[in-house]
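Next comes input-v7.cif, with mmCIF, C-alpha atoms.
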data_input
#
loop_
_atom_site.label_atom_id
_atom_site.label_comp_id
_atom_site.auth_asym_id
_atom_site.auth_seq_id
_atom_site.Cartn_x
_atom_site.Cartn_y
_atom_site.Cartn_z
CA MET W 1 148.37 60.47 92.39
CA ARG W 2 147.46 56.85 91.80
CA LEU W 3 150.11 54.26 92.63
CA SER W 4 149.35 50.76 91.35
CA LYS W 5 151.34 48.07 93.13
CA GLN W 6 152.72 45.39 90.85
CA ASP W 7 152.24 42.60 93.38
CA SER W 8 148.69 43.63 94.11
CA PRO W 9 147.30 45.61 91.18
CA GLY W 10 144.97 48.49 91.87
CA PRO W 11 141.80 49.36 89.94
CA ALA W 12 143.72 50.80 87.00
CA ALA W 13 145.79 47.64 86.73
CA ARG W 14 142.86 45.27 87.05
CA ALA W 15 141.12 46.98 84.16
CA MET W 16 144.03 45.95 81.92
CA GLU W 17 143.89 42.23 82.63
CA PRO W 18 141.16 40.68 80.45
CA ASP W 19 141.09 36.93 80.11
CA GLY W 20 142.38 35.39 76.91
CA PRO W 21 145.54 34.82 74.88
CA ARG W 22 148.17 37.31 73.85
CA PRO W 23 146.89 40.25 71.74
CA THR W 24 145.52 39.11 68.40
CA PRO W 25 144.60 41.04 65.23
CA ARG W 26 140.95 40.90 66.23
CA ALA W 27 141.73 42.19 69.73
CA PHE W 28 143.53 45.20 68.28
CA GLU W 29 140.35 46.30 66.54
CA GLN W 30 138.86 47.53 69.84
CA GLU W 31 140.62 50.71 70.93
CA GLY W 32 141.87 50.87 74.49
CA SER W 33 142.11 47.09 74.92
CA TRP W 34 145.92 46.79 74.84
CA ASN W 35 148.99 48.36 76.44
CA ILE W 36 152.68 48.70 75.63
CA SER W 37 155.45 48.13 78.17
CA PHE W 38 159.06 49.32 77.77
CA GLY W 39 161.68 47.66 79.96
CA GLY W 40 164.88 49.09 81.40
CA SER W 41 167.61 49.55 78.80
CA GLY W 42 170.17 52.07 80.08
CA PHE W 43 172.04 53.66 77.18
CA LEU W 44 170.26 51.42 74.65
CA GLY W 45 167.31 53.80 74.42
CA LEU W 46 167.64 54.14 70.64
CA TYR W 47 166.13 50.65 70.41
CA TYR W 48 162.80 52.15 71.52
CA VAL W 49 163.14 54.95 68.98
CA GLY W 50 163.33 52.31 66.25
CA VAL W 51 160.33 50.45 67.64
CA HIS W 52 158.31 53.65 67.85
CA GLN W 53 159.21 54.63 64.29
CA CYS W 54 158.17 51.21 62.97
CA LEU W 55 154.79 51.38 64.68
CA ARG W 56 154.27 54.92 63.38
CA GLU W 57 154.97 53.88 59.81
CA ARG W 58 153.61 50.33 59.65
CA ALA W 59 150.83 50.12 62.26
CA PRO W 60 149.65 53.56 63.41
CA GLN W 61 146.43 51.99 64.68
CA LEU W 62 148.36 50.40 67.54
CA LEU W 63 149.57 53.78 68.79
CA LYS W 64 146.25 55.54 68.30
CA GLY W 65 144.24 52.91 70.16
CA VAL W 66 146.64 52.07 73.00
CA ASN W 67 145.24 52.35 76.51
CA ARG W 68 148.43 53.05 78.44
CA ILE W 69 152.17 52.93 77.78
CA TYR W 70 154.34 51.78 80.68
CA GLY W 71 158.05 52.29 81.19
CA ALA W 72 160.62 51.26 83.80
CA SER W 73 163.99 52.98 84.22
CA SER W 74 165.16 54.31 80.84
CA GLY W 75 162.07 52.67 79.34
CA ALA W 76 160.13 55.52 80.98
CA LEU W 77 161.85 57.93 78.58
CA GLY W 78 160.91 55.70 75.66
CA ALA W 79 157.31 55.53 76.85
CA LEU W 80 157.21 59.32 77.27
CA GLY W 81 158.49 59.78 73.72
CA VAL W 82 155.76 57.51 72.36
CA VAL W 83 153.04 59.24 74.37
CA LEU W 84 154.16 62.64 73.04
CA ASP W 85 154.64 61.15 69.53
CA LYS W 86 158.11 62.65 69.10
CA SER W 87 159.78 62.30 65.71
CA ALA W 88 162.73 59.99 65.13
CA ASP W 89 165.01 62.96 64.45
CA PHE W 90 164.13 64.63 67.74
CA SER W 91 164.46 61.43 69.79
CA CYS W 92 167.79 60.47 68.20
CA TRP W 93 169.15 63.94 68.86
CA GLN W 94 168.14 63.83 72.52
CA VAL W 95 169.79 60.45 73.09
CA MET W 96 172.97 60.97 71.07
CA GLU W 97 173.79 64.60 71.88
CA GLY W 98 174.94 63.86 75.42
CA LEU W 99 176.97 60.85 74.34
CA LYS W 100 178.82 62.96 71.80
CA ARG W 101 180.08 65.12 74.65
CA LEU W 102 181.36 62.04 76.47
CA GLU W 103 183.25 60.95 73.36
CA GLU W 104 185.39 64.08 73.62
CA THR W 105 186.60 63.06 77.08
CA VAL W 106 189.11 60.34 77.87
CA LEU W 107 187.30 58.91 80.89
CA ASN W 108 183.92 58.71 79.13
CA SER W 109 181.20 57.90 81.71
CA PHE W 110 183.79 58.05 84.51
CA HIS W 111 184.47 61.72 83.85
CA PRO W 112 183.53 64.04 86.77
CA SER W 113 181.18 66.00 84.50
CA PHE W 114 179.11 62.90 83.76
CA TRP W 115 175.86 63.12 85.67
CA PRO W 116 173.11 61.44 83.61
CA LEU W 117 170.13 62.50 85.72
CA GLU W 118 171.19 66.13 85.57
CA TYR W 119 171.37 65.99 81.78
CA VAL W 120 167.98 64.25 81.49
CA GLN W 121 166.30 66.69 83.85
CA GLU W 122 167.60 69.71 81.95
CA ARG W 123 166.37 68.26 78.66
CA LEU W 124 162.93 67.45 80.04
CA GLU W 125 162.51 70.88 81.56
CA GLU W 126 163.48 72.50 78.27
CA PHE W 127 161.51 70.45 75.76
CA LEU W 128 158.43 69.06 77.54
CA PRO W 129 155.26 71.09 76.86
CA PRO W 130 153.61 72.80 79.86
CA ASP W 131 150.51 70.58 79.63
CA VAL W 132 152.40 67.28 79.35
CA HIS W 133 150.82 66.08 82.61
CA VAL W 134 147.38 66.05 80.97
CA VAL W 135 148.41 63.61 78.25
CA ALA W 136 150.65 61.65 80.63
CA SER W 137 147.80 61.06 83.10
CA LYS W 138 145.74 59.49 80.31
CA HIS W 139 148.29 57.22 78.65
CA LEU W 140 151.59 57.07 80.63
CA GLY W 141 152.59 54.76 83.46
CA ILE W 142 156.02 55.10 85.10
CA CYS W 143 157.31 52.17 87.15
CA VAL W 144 159.28 53.07 90.30
CA THR W 145 160.57 51.23 93.36
CA ARG W 146 159.68 52.67 96.75
CA PHE W 147 162.62 53.09 99.09
CA PRO W 148 163.48 51.50 101.45
CA ASP W 149 160.82 48.73 101.50
CA GLY W 150 161.37 47.86 97.80
CA GLN W 151 157.68 47.95 96.85
CA SER W 152 157.12 48.27 93.10
CA CYS W 153 154.60 50.93 92.10
CA VAL W 154 153.35 52.47 88.87
CA ILE W 155 152.62 56.19 88.82
CA THR W 156 149.73 56.93 86.47
CA ASP W 157 148.49 60.33 87.66
CA PHE W 158 150.36 63.63 87.42
CA ALA W 159 149.32 67.09 88.56
CA SER W 160 151.94 69.16 86.73
CA LYS W 161 154.86 69.07 84.33
CA GLU W 162 157.25 69.04 87.30
CA GLU W 163 155.66 65.84 88.62
CA VAL W 164 156.16 64.10 85.29
CA ILE W 165 159.85 65.04 85.41
CA GLN W 166 160.17 63.93 89.04
CA ALA W 167 158.58 60.55 88.28
CA VAL W 168 160.93 59.94 85.34
CA ILE W 169 163.99 60.90 87.42
CA CYS W 170 162.88 58.55 90.21
CA SER W 171 162.50 55.67 87.75
CA LEU W 172 165.98 56.38 86.30
CA PHE W 173 167.80 56.56 89.63
CA LEU W 174 170.13 53.57 89.95
CA PRO W 175 171.65 53.64 93.46
CA PHE W 176 175.39 54.49 93.63
CA TYR W 177 175.55 54.76 89.82
CA CYS W 178 173.44 57.93 89.79
CA GLY W 179 174.07 59.02 93.38
CA VAL W 180 173.48 58.06 97.00
CA ILE W 181 170.33 59.89 98.11
CA PRO W 182 167.26 58.89 96.05
CA PRO W 183 165.02 61.55 94.47
CA LYS W 184 161.53 62.19 95.81
CA PHE W 185 158.06 62.18 94.31
CA ARG W 186 155.48 63.92 96.49
CA GLY W 187 157.65 63.56 99.55
CA GLN W 188 158.37 59.82 99.12
CA TYR W 189 161.77 58.45 98.07
CA TYR W 190 161.86 56.21 94.98
CA ILE W 191 164.60 54.47 92.99
CA ASP W 192 164.97 52.64 89.67
CA GLY W 193 161.75 50.88 88.72
CA ALA W 194 163.58 48.12 86.83
CA LEU W 195 165.19 46.89 90.06
CA THR W 196 161.91 45.19 90.99
CA VAL W 197 160.01 44.86 87.69
CA SER W 198 161.98 45.10 84.45
CA LEU W 199 158.86 44.92 82.22
CA PRO W 200 155.81 46.46 83.95
CA PHE W 201 152.65 44.36 83.64
CA ALA W 202 154.34 41.83 81.37
CA GLU W 203 152.07 39.13 82.81
CA CYS W 204 148.99 40.96 81.51
CA PRO W 205 147.80 39.19 78.31
CA ARG W 206 146.93 42.53 76.68
CA THR W 207 150.38 44.07 77.11
CA ILE W 208 152.89 44.31 74.23
CA THR W 209 156.31 44.02 75.88
CA VAL W 210 159.42 45.66 74.38
CA THR W 211 163.06 45.30 75.46
CA PRO W 212 166.50 45.37 73.78
CA PHE W 213 167.50 42.17 75.62
CA HIS W 214 166.83 38.61 74.49
CA VAL W 215 164.05 37.70 76.92
CA THR W 216 160.50 36.38 76.78
CA ALA W 217 159.02 39.54 75.25
CA ASP W 218 156.89 40.35 72.23
CA ILE W 219 159.42 42.72 70.64
CA CYS W 220 163.05 41.88 71.38
CA PRO W 221 166.19 40.86 69.46
CA GLN W 222 167.16 37.23 68.99
CA SER W 223 170.48 35.87 70.17
CA ALA W 224 172.70 33.93 67.77
CA SER W 225 174.87 32.64 70.62
CA PRO W 226 173.84 29.34 72.24
CA ASN W 227 172.06 29.55 75.57
CA PHE W 228 171.01 26.60 77.64
CA HIS W 229 169.94 28.38 80.82
CA GLU W 230 167.81 31.28 81.85
CA ILE W 231 167.51 33.34 84.99
CA ILE W 232 164.45 35.00 86.49
CA SER W 233 165.44 38.53 87.50
CA CYS W 234 163.14 41.48 88.20
CA LYS W 235 160.16 39.27 87.25
CA THR W 236 161.59 38.76 83.76
CA SER W 237 163.13 35.62 82.24
CA PHE W 238 166.58 36.50 80.84
CA GLN W 239 168.50 34.13 78.56
CA LEU W 240 172.07 33.52 79.74
CA SER W 241 174.03 34.31 76.59
CA THR W 242 176.96 36.40 75.44
CA PHE W 243 174.52 38.66 73.57
CA ASN W 244 172.67 39.62 76.73
CA LEU W 245 175.97 40.08 78.53
CA HIS W 246 177.12 42.48 75.80
CA GLN W 247 173.81 44.34 75.92
CA GLY W 248 174.06 44.63 79.69
CA ILE W 249 177.53 46.17 79.48
CA CYS W 250 176.39 48.61 76.79
CA SER W 251 173.41 49.63 78.91
CA LEU W 252 175.72 50.77 81.74
CA LEU W 253 178.80 51.89 79.79
CA PRO W 254 177.89 53.84 76.64
CA PRO W 255 179.36 52.23 73.50
CA LYS W 256 180.17 53.99 70.24
CA LEU W 257 177.40 55.89 68.56
CA GLU W 258 177.50 53.52 65.58
CA VAL W 259 176.66 50.62 67.89
CA LEU W 260 173.73 52.56 69.34
CA ALA W 261 172.52 53.41 65.84
CA ASP W 262 172.48 49.69 64.97
CA ASN W 263 170.37 49.12 68.08
CA GLY W 264 167.87 51.65 66.79
CA ARG W 265 167.73 49.90 63.41
CA GLN W 266 167.34 46.54 65.17
CA GLY W 267 164.43 47.91 67.16
CA TYR W 268 162.69 48.82 63.91
CA LEU W 269 163.25 45.34 62.45
CA ASP W 270 162.13 43.54 65.61
CA ALA W 271 158.94 45.60 65.76
CA LEU W 272 158.34 44.85 62.07
CA ARG W 273 158.81 41.14 62.77
CA PHE W 274 156.20 41.37 65.54
CA LEU W 275 153.72 43.03 63.17
CA GLU W 276 154.30 40.56 60.34
CA ARG W 277 154.05 37.50 62.58
CA ARG W 278 150.67 38.65 63.88
CA GLY W 279 149.27 39.73 60.54
CA LEU W 280 149.10 43.41 61.51
CA THR W 281 150.76 44.50 58.27
CA THR W 282 150.24 43.16 54.76
CA GLU W 283 153.74 43.99 53.52
CA PRO W 284 156.14 40.99 53.84
CA VAL W 285 159.21 43.21 54.15
CA LEU W 286 161.43 40.85 56.15
CA ARG W 287 160.99 37.84 53.88
CA THR W 288 161.65 40.11 50.91
CA LEU W 289 164.89 41.31 52.51
CA VAL W 290 166.06 37.75 53.13
CA SER W 291 165.07 36.22 49.79
CA GLY W 292 165.69 39.28 47.65
CA ALA W 293 162.38 38.67 45.86
CA PRO W 294 158.69 39.03 46.76
CA PRO W 295 157.22 36.02 48.58
CA ALA W 296 155.15 33.47 46.67
CA ALA W 297 152.02 33.96 48.73
CA ALA W 298 149.58 36.54 47.38
CA LYS W 299 148.90 39.71 49.27
CA GLY W 300 146.32 39.24 52.01
CA HIS W 301 146.66 35.44 52.09
CA LEU W 302 148.37 33.27 54.62
CA ALA W 303 151.63 31.54 53.85
CA ALA W 304 151.96 27.78 53.78
CA ARG W 305 152.67 27.39 57.48
CA ASP W 306 150.56 30.24 58.83
CA THR W 307 148.16 29.26 61.56
CA GLN W 308 144.72 30.68 62.12
CA ASP W 309 142.03 30.17 64.72
CA SER W 310 138.57 31.31 63.64
CA LYS W 311 137.32 31.62 67.24
CA SER W 312 140.10 33.76 68.68
CA GLY W 313 141.10 35.46 65.46
CA LEU W 314 144.69 34.38 66.06
CA ASN W 315 146.85 34.72 62.97
CA LEU W 316 150.49 33.86 63.53
CA ASN W 317 153.02 33.51 60.75
CA TRP W 318 155.91 31.50 62.18
CA GLU W 319 157.92 31.71 58.96
CA VAL W 320 158.74 35.40 59.35
CA PRO W 321 162.56 35.42 59.66
CA PHE W 322 164.71 37.32 62.12
CA VAL W 323 166.83 39.92 60.30
CA ARG W 324 169.87 41.64 61.78
CA ALA W 325 170.45 45.32 61.16
CA GLU W 326 174.09 44.79 60.17
CA ASP W 327 172.98 42.43 57.37
CA ILE W 328 171.04 45.19 55.58
CA PRO W 329 173.38 47.26 53.38
CA ASP W 330 170.83 50.00 52.70
CA PHE W 331 168.53 50.53 55.67
CA GLY W 332 167.23 53.71 54.07
CA ALA W 333 165.16 51.54 51.73
CA VAL W 334 163.35 50.10 54.77
CA SER W 335 162.82 53.32 56.74
CA PRO W 336 164.11 56.50 55.10
CA GLU W 337 163.05 58.70 58.02
CA LEU W 338 164.79 56.66 60.71
CA GLU W 339 167.96 56.21 58.67
CA ALA W 340 168.10 59.94 57.87
CA ALA W 341 167.72 60.77 61.57
CA LEU W 342 170.48 58.36 62.58
CA GLN W 343 172.88 59.55 59.91
CA LYS W 344 172.24 63.19 60.79
CA ASN W 345 172.93 62.65 64.48
CA LEU W 346 175.98 60.47 63.85
CA LEU W 347 177.81 63.52 62.51
CA ARG W 348 180.35 64.83 65.00
CA ASP W 349 181.21 68.43 65.78
CA PRO W 350 183.29 69.65 62.79
CA ARG W 351 185.00 72.50 64.64
CA PRO W 352 188.82 72.24 64.86
CA LEU W 353 188.99 71.97 68.65
CA ALA W 354 186.41 69.16 68.79
CA ARG W 355 188.17 67.31 65.96
CA PHE W 356 191.48 67.62 67.81
CA ARG W 357 189.98 66.15 70.98
CA ARG W 358 188.79 63.11 69.05
CA SER W 359 192.11 62.60 67.27
CA LEU W 360 194.88 60.34 68.58
CA PRO W 361 197.26 63.23 69.40
CA GLY W 362 194.49 65.08 71.21
CA ARG W 363 193.48 62.06 73.29
CA THR W 364 197.11 61.36 74.10
CA LEU W 365 197.54 64.93 75.33
CA MET W 366 194.39 64.71 77.46
CA CYS W 367 195.65 61.45 78.99
CA LEU W 368 198.92 63.15 79.95
CA LEU W 369 197.02 66.06 81.52
CA LEU W 370 194.63 63.88 83.55
CA PRO W 371 196.60 64.21 86.85
CA TYR W 372 196.14 67.97 86.60
CA THR W 373 192.67 68.34 85.06
CA VAL W 374 190.71 65.64 86.93
CA PRO W 375 191.21 67.10 90.45
CA LEU W 376 190.14 70.55 89.28
CA GLN W 377 187.15 69.24 87.38
CA THR W 378 186.13 67.01 90.27
CA PHE W 379 186.28 69.96 92.68
CA TYR W 380 184.24 72.14 90.31
CA TYR W 381 181.45 69.68 89.47
CA ARG W 382 181.17 68.21 92.97
CA GLY W 383 181.06 71.71 94.43
CA LYS W 384 178.40 72.77 91.95
CA ARG W 385 176.19 69.80 92.84
CA LEU W 386 176.74 70.40 96.55
CA ILE W 387 175.47 73.95 96.17
CA GLN W 388 172.41 72.67 94.30
CA TRP W 389 171.81 70.16 97.10
CA LEU W 390 171.89 72.75 99.92
CA PRO W 391 168.11 73.50 99.89
CA ASP W 392 167.32 69.81 100.42
CA LEU W 393 170.25 69.14 102.75
CA PRO W 394 168.40 69.34 106.14
CA ALA W 395 165.54 67.07 105.03
CA ASP W 396 167.88 64.53 103.43
CA LEU W 397 170.17 64.42 106.46
CA TYR W 398 167.17 63.90 108.72
CA TRP W 399 166.00 61.07 106.48
CA MET W 400 169.46 59.48 106.49
CA GLN W 401 169.54 59.67 110.26
CA GLY W 402 166.18 57.94 110.43
CA GLN W 403 167.31 55.18 108.08
CA ALA W 404 170.51 54.63 110.07
CA TRP W 405 168.55 54.48 113.34
CA SER W 406 166.03 52.05 111.85
CA ALA W 407 168.81 49.76 110.55
CA ALA W 408 170.61 49.87 113.91
CA THR W 409 167.37 49.05 115.76
CA GLN W 410 166.66 46.06 113.54
CA LEU W 411 170.23 44.81 113.92
CA TYR W 412 170.02 45.15 117.70
CA ALA W 413 166.69 43.30 117.84
CA ARG W 414 167.99 40.41 115.72
CA THR W 415 171.20 40.15 117.71
CA LYS W 416 169.29 40.16 120.99
CA GLU W 417 166.94 37.47 119.69
CA GLN W 418 169.87 35.27 118.70
CA LEU W 419 171.65 35.70 122.05
CA LEU W 420 168.57 35.10 124.19
CA ARG W 421 167.38 32.10 122.21
CA PRO W 422 167.50 29.03 124.50
CA ALA W 423 170.18 26.51 123.55
CA SER W 424 168.81 23.24 122.25
CA THR W 425 169.45 20.26 124.48
CA ALA W 426 171.79 17.66 123.14
CA PRO W 427 170.27 14.22 122.44
CA ALA W 428 170.80 11.59 125.11
CA GLN W 429 173.57 9.11 124.43
#
Conversion result in C-alpha cells:
Amino acid sequence: MRLSKQDSPGPAARAMEPDGPRPTPRAFEQEGSWNISFGGSGFLGLYYVGVHQCLRERAPQLLKGVNRIYGASSGALGALGVVLDKSADFSCWQVMEGLKRLEETVLNSFHPSFWPLEYVQERLEEFLPPDVHVVASKHLGICVTRFPDGQSCVITDFASKEEVIQAVICSLFLPFYCGVIPPKFRGQYYIDGALTVSLPFAECPRTITVTPFHVTADICPQSASPNFHEIISCKTSFQLSTFNLHQGICSLLPPKLEVLADNGRQGYLDALRFLERRGLTTEPVLRTLVSGAPPAAAKGHLAARDTQDSKSGLNLNWEVPFVRAEDIPDFGAVSPELEAALQKNLLRDPRPLARFRRSLPGRTLMCLLLPYTVPLQTFYYRGKRLIQWLPDLPADLYWMQGQAWSAATQLYARTKEQLLRPASTAPAQ
C-alpha cells in the first residue's frame, strides 16, 4: 500500500506536479501528463455521471490518457466509475435505486433501515470485477483521513478487490452520520477524506478538478445568486451563496430524483463548457443552444475574443456561455444516452403496493402507524447490525478504551500544566 500525504506529497504525488499553467490543449497531447480529481458530493453523485458521460462522448482522449483519477468521499465512487468506464445507465441505476427505496418511507434518510455504507458495500461486492484492484492500482487514488490525528492520505495501491471496497468505505465514512466507530484499512482507522481535503491535489497544475459546488474548480456549476464572500474549507475555496447552501443540504439529505437528474444533466453541460473553453472540442454546442443558430466563426477557428499563446499552446474561449440544465427543453438532443438513462431510472415501481406507499393516503397511513412501526424496525435493524459487529467487537472496544485513555491523559497533562504554572507578578504601582 502506498499512502501519499497531502501536506507532504510522496513520490507518486511529486510525479504529478510539473511546472507550468493549468492543463492546455497541447499538454493533453502527451498521455499520462494530467489527472482528474472528484470532490466530495454526498447524494449529488449523478453530477459525476454527467461529467463522465460528456468526456466519453466529446473528449475520449482525456479519459484514455489520464494518469490517475482521485476521489474524496462520494467522489471516490465517481472516480471508481470512471476508472472502470461504467455506462451512464449502470451508474444512474446504482445511484438512484437506493433512493427510490427511501422515497417509499415517510422518514426518508431518518428511517432506521437507512444505512448508506451498508448499501454501498453490498453493491460494490456484487458488481465489482474480481481483478478491479489491478486497474485501481494503476489509475485510482482514494483520499482518506487518518483517525485520530487527522492526517490526509491518498491510497493508490490495492492488493485485492476487498481492499478497494474497504478504501472506498473509509473515504465515505462521515462520523456520526454513518456511525460512531470508523472502518479500517489494513488495520488503521480512517474517516471521510473530504473532511481534510475536499478536492485531492487541486493545487497540482495538471489536475482537472470536478465538483457539484460553486468553487474554484475546472468543472463546476455557476451560481446565479450574488456572493461577496468566500470561505476556505478543506483546502477548497467555497463561495458563500444560497446555491452552495442548497447543494450542501441536498448532499446530506437526498432530494427528489428529478432534482438529482438535473444535477446529472448539469454535470454534462459543465464538462462540455470546460472542453469548449479550452478548445478540446470543435463543436460549439453551448453557444448553439443559447443562440438557437450556429455561431458565426468557422469550424476550427477562434472566435473574436478567443485568446491564444503560441508558446504555451493556451487556447481559452471566454465567450462560451454557462447553460443551465433546466433551460434546455430537450436534453436528449444534447446527449441521447445520458437522457435515456436518466428517464429509465426515474421510473418508479409500478406495482400496486409501491404506488400506494407513494400516494397521499398511503403516506398518511404510514404516518399514523409510525409510533408502532418505528420501534419494531429500529429493534430489528439495530439488532442486525449489532450481530454483524460482533466479530470486530473486542478489537473495537479495545481501541475505544485506548482513545479514551489517551484523551484523559492529555486532559490531565494540560490541566496540571495550567495549575502549576507560576502566577505572573503584578506590576508595581
message = Residue by residue, what does the PyMOL selection byres ((chain W and resi 64) around 12) grab here? Present the result as a VMD selection string.
response = chain W and resid 28 to 36 55 to 56 59 to 63 65 to 69 82 to 85 139
Output C-alpha atoms for every residue in that selection, as an mmCIF file, keeping the file's coordinate frame.
data_model
loop_
_atom_site.group_PDB
_atom_site.id
_atom_site.type_symbol
_atom_site.label_atom_id
_atom_site.label_comp_id
_atom_site.auth_asym_id
_atom_site.auth_seq_id
_atom_site.Cartn_x
_atom_site.Cartn_y
_atom_site.Cartn_z
ATOM 1 C CA PHE W 28 143.530 45.200 68.280
ATOM 2 C CA GLU W 29 140.350 46.300 66.540
ATOM 3 C CA GLN W 30 138.860 47.530 69.840
ATOM 4 C CA GLU W 31 140.620 50.710 70.930
ATOM 5 C CA GLY W 32 141.870 50.870 74.490
ATOM 6 C CA SER W 33 142.110 47.090 74.920
ATOM 7 C CA TRP W 34 145.920 46.790 74.840
ATOM 8 C CA ASN W 35 148.990 48.360 76.440
ATOM 9 C CA ILE W 36 152.680 48.700 75.630
ATOM 10 C CA LEU W 55 154.790 51.380 64.680
ATOM 11 C CA ARG W 56 154.270 54.920 63.380
ATOM 12 C CA ALA W 59 150.830 50.120 62.260
ATOM 13 C CA PRO W 60 149.650 53.560 63.410
ATOM 14 C CA GLN W 61 146.430 51.990 64.680
ATOM 15 C CA LEU W 62 148.360 50.400 67.540
ATOM 16 C CA LEU W 63 149.570 53.780 68.790
ATOM 17 C CA GLY W 65 144.240 52.910 70.160
ATOM 18 C CA VAL W 66 146.640 52.070 73.000
ATOM 19 C CA ASN W 67 145.240 52.350 76.510
ATOM 20 C CA ARG W 68 148.430 53.050 78.440
ATOM 21 C CA ILE W 69 152.170 52.930 77.780
ATOM 22 C CA VAL W 82 155.760 57.510 72.360
ATOM 23 C CA VAL W 83 153.040 59.240 74.370
ATOM 24 C CA LEU W 84 154.160 62.640 73.040
ATOM 25 C CA ASP W 85 154.640 61.150 69.530
ATOM 26 C CA HIS W 139 148.290 57.220 78.650
#
Result set, the PyMOL selection byres ((chain W and resi 366-381) around 9) on current file, as a short mmCIF file (atom, residue, chain, number, x, y, z; two decimals) with C-alpha atoms, keeping the file's coordinate frame:
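Saved the output as selection.cif:
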data_model
loop_
_atom_site.label_atom_id
_atom_site.label_comp_id
_atom_site.auth_asym_id
_atom_site.auth_seq_id
_atom_site.Cartn_x
_atom_site.Cartn_y
_atom_site.Cartn_z
CA THR W 105 186.60 63.06 77.08
CA VAL W 106 189.11 60.34 77.87
CA LEU W 107 187.30 58.91 80.89
CA HIS W 111 184.47 61.72 83.85
CA PRO W 112 183.53 64.04 86.77
CA SER W 113 181.18 66.00 84.50
CA ARG W 357 189.98 66.15 70.98
CA PRO W 361 197.26 63.23 69.40
CA GLY W 362 194.49 65.08 71.21
CA ARG W 363 193.48 62.06 73.29
CA THR W 364 197.11 61.36 74.10
CA LEU W 365 197.54 64.93 75.33
CA ARG W 382 181.17 68.21 92.97
CA GLY W 383 181.06 71.71 94.43
CA LYS W 384 178.40 72.77 91.95
CA ARG W 385 176.19 69.80 92.84
CA LEU W 386 176.74 70.40 96.55
#
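Atom pair CA of Ala159 (chain W) / CA of Gln53 (chain W) has a distance of 29.0 Å (rounded to one decimal).
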Evaluate the PyMOL selection byres ((chain W and resi 125) around 12) on the structure here and hand back the selected residues as a VMD selection string. chain W and resid 118 to 124 126 to 130 132 160 to 166 168 to 169
**Report entry** Contact residues around Leu289 (chain W) with all atoms listed in the file at 12 Å, ignoring same-chain residues under 6 positions, as a list in words
**Finding:**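 Here the answer would be Leu269, Arg273, Glu283, Pro295, Val320, Pro321, Phe322, Val323, Arg324, Ala325, Asp327, Ile328, Pro329, Asp330, Phe331, Ala333 and Val334 of chain W.
The coordinates place CA of Tyr48 (chain W) at 12.7 Å from CA of Leu272 (chain W).
A straight line drawn from CA of Ala404 (chain W) to CA of Trp115 (chain W) is 26.4 Å long.
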Practice item. List the neighbours of Gly45 (chain W) out to 9 Å using only C-alpha atoms; skip same-chain residues closer than 5 positions along the sequence, and give me the result as a list of chain:residue names. Key: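 Near neighbours after the sequence-gap exclusion: W:Gly40, W:Ser74, W:Gly75, W:Leu77, W:Gly78, W:Val95, W:Pro212, W:Ser251, W:Leu260, W:Asn263, W:Gly264.
Closest approach to Phe213 (chain W) from the set W:Arg287, W:His246, W:Lys100, W:Arg421 is made by W:His246, with distances taken over only C-alpha atoms.
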Near Leu172 (chain W), counting all atoms listed in the file, which residues have an atom at most 9 Å away, once you skip same-chain residues fewer than 4 positions from it, shown as a PyMOL selection string? chain W and resi 40+42+72-77+117+144+167-168+178+191-194
- Message: With all atoms listed in the file as the counted atoms, please give the residues lying no more than 12 Å from Leu46 (chain W), apart from itself and same-chain residues fewer than 3 positions off, as a PyMOL selection string.
- Response: chain W and resi 41-43+49-53+74-75+77-78+81+88-96+211-212+251+254+257-268+338+341-342+345
Non-local contacts of Gln151 (chain W) (8 Å; all atoms listed in the file; under 3 positions in same chain excluded) as number ranges by chain: W: 5, 145-147, 196
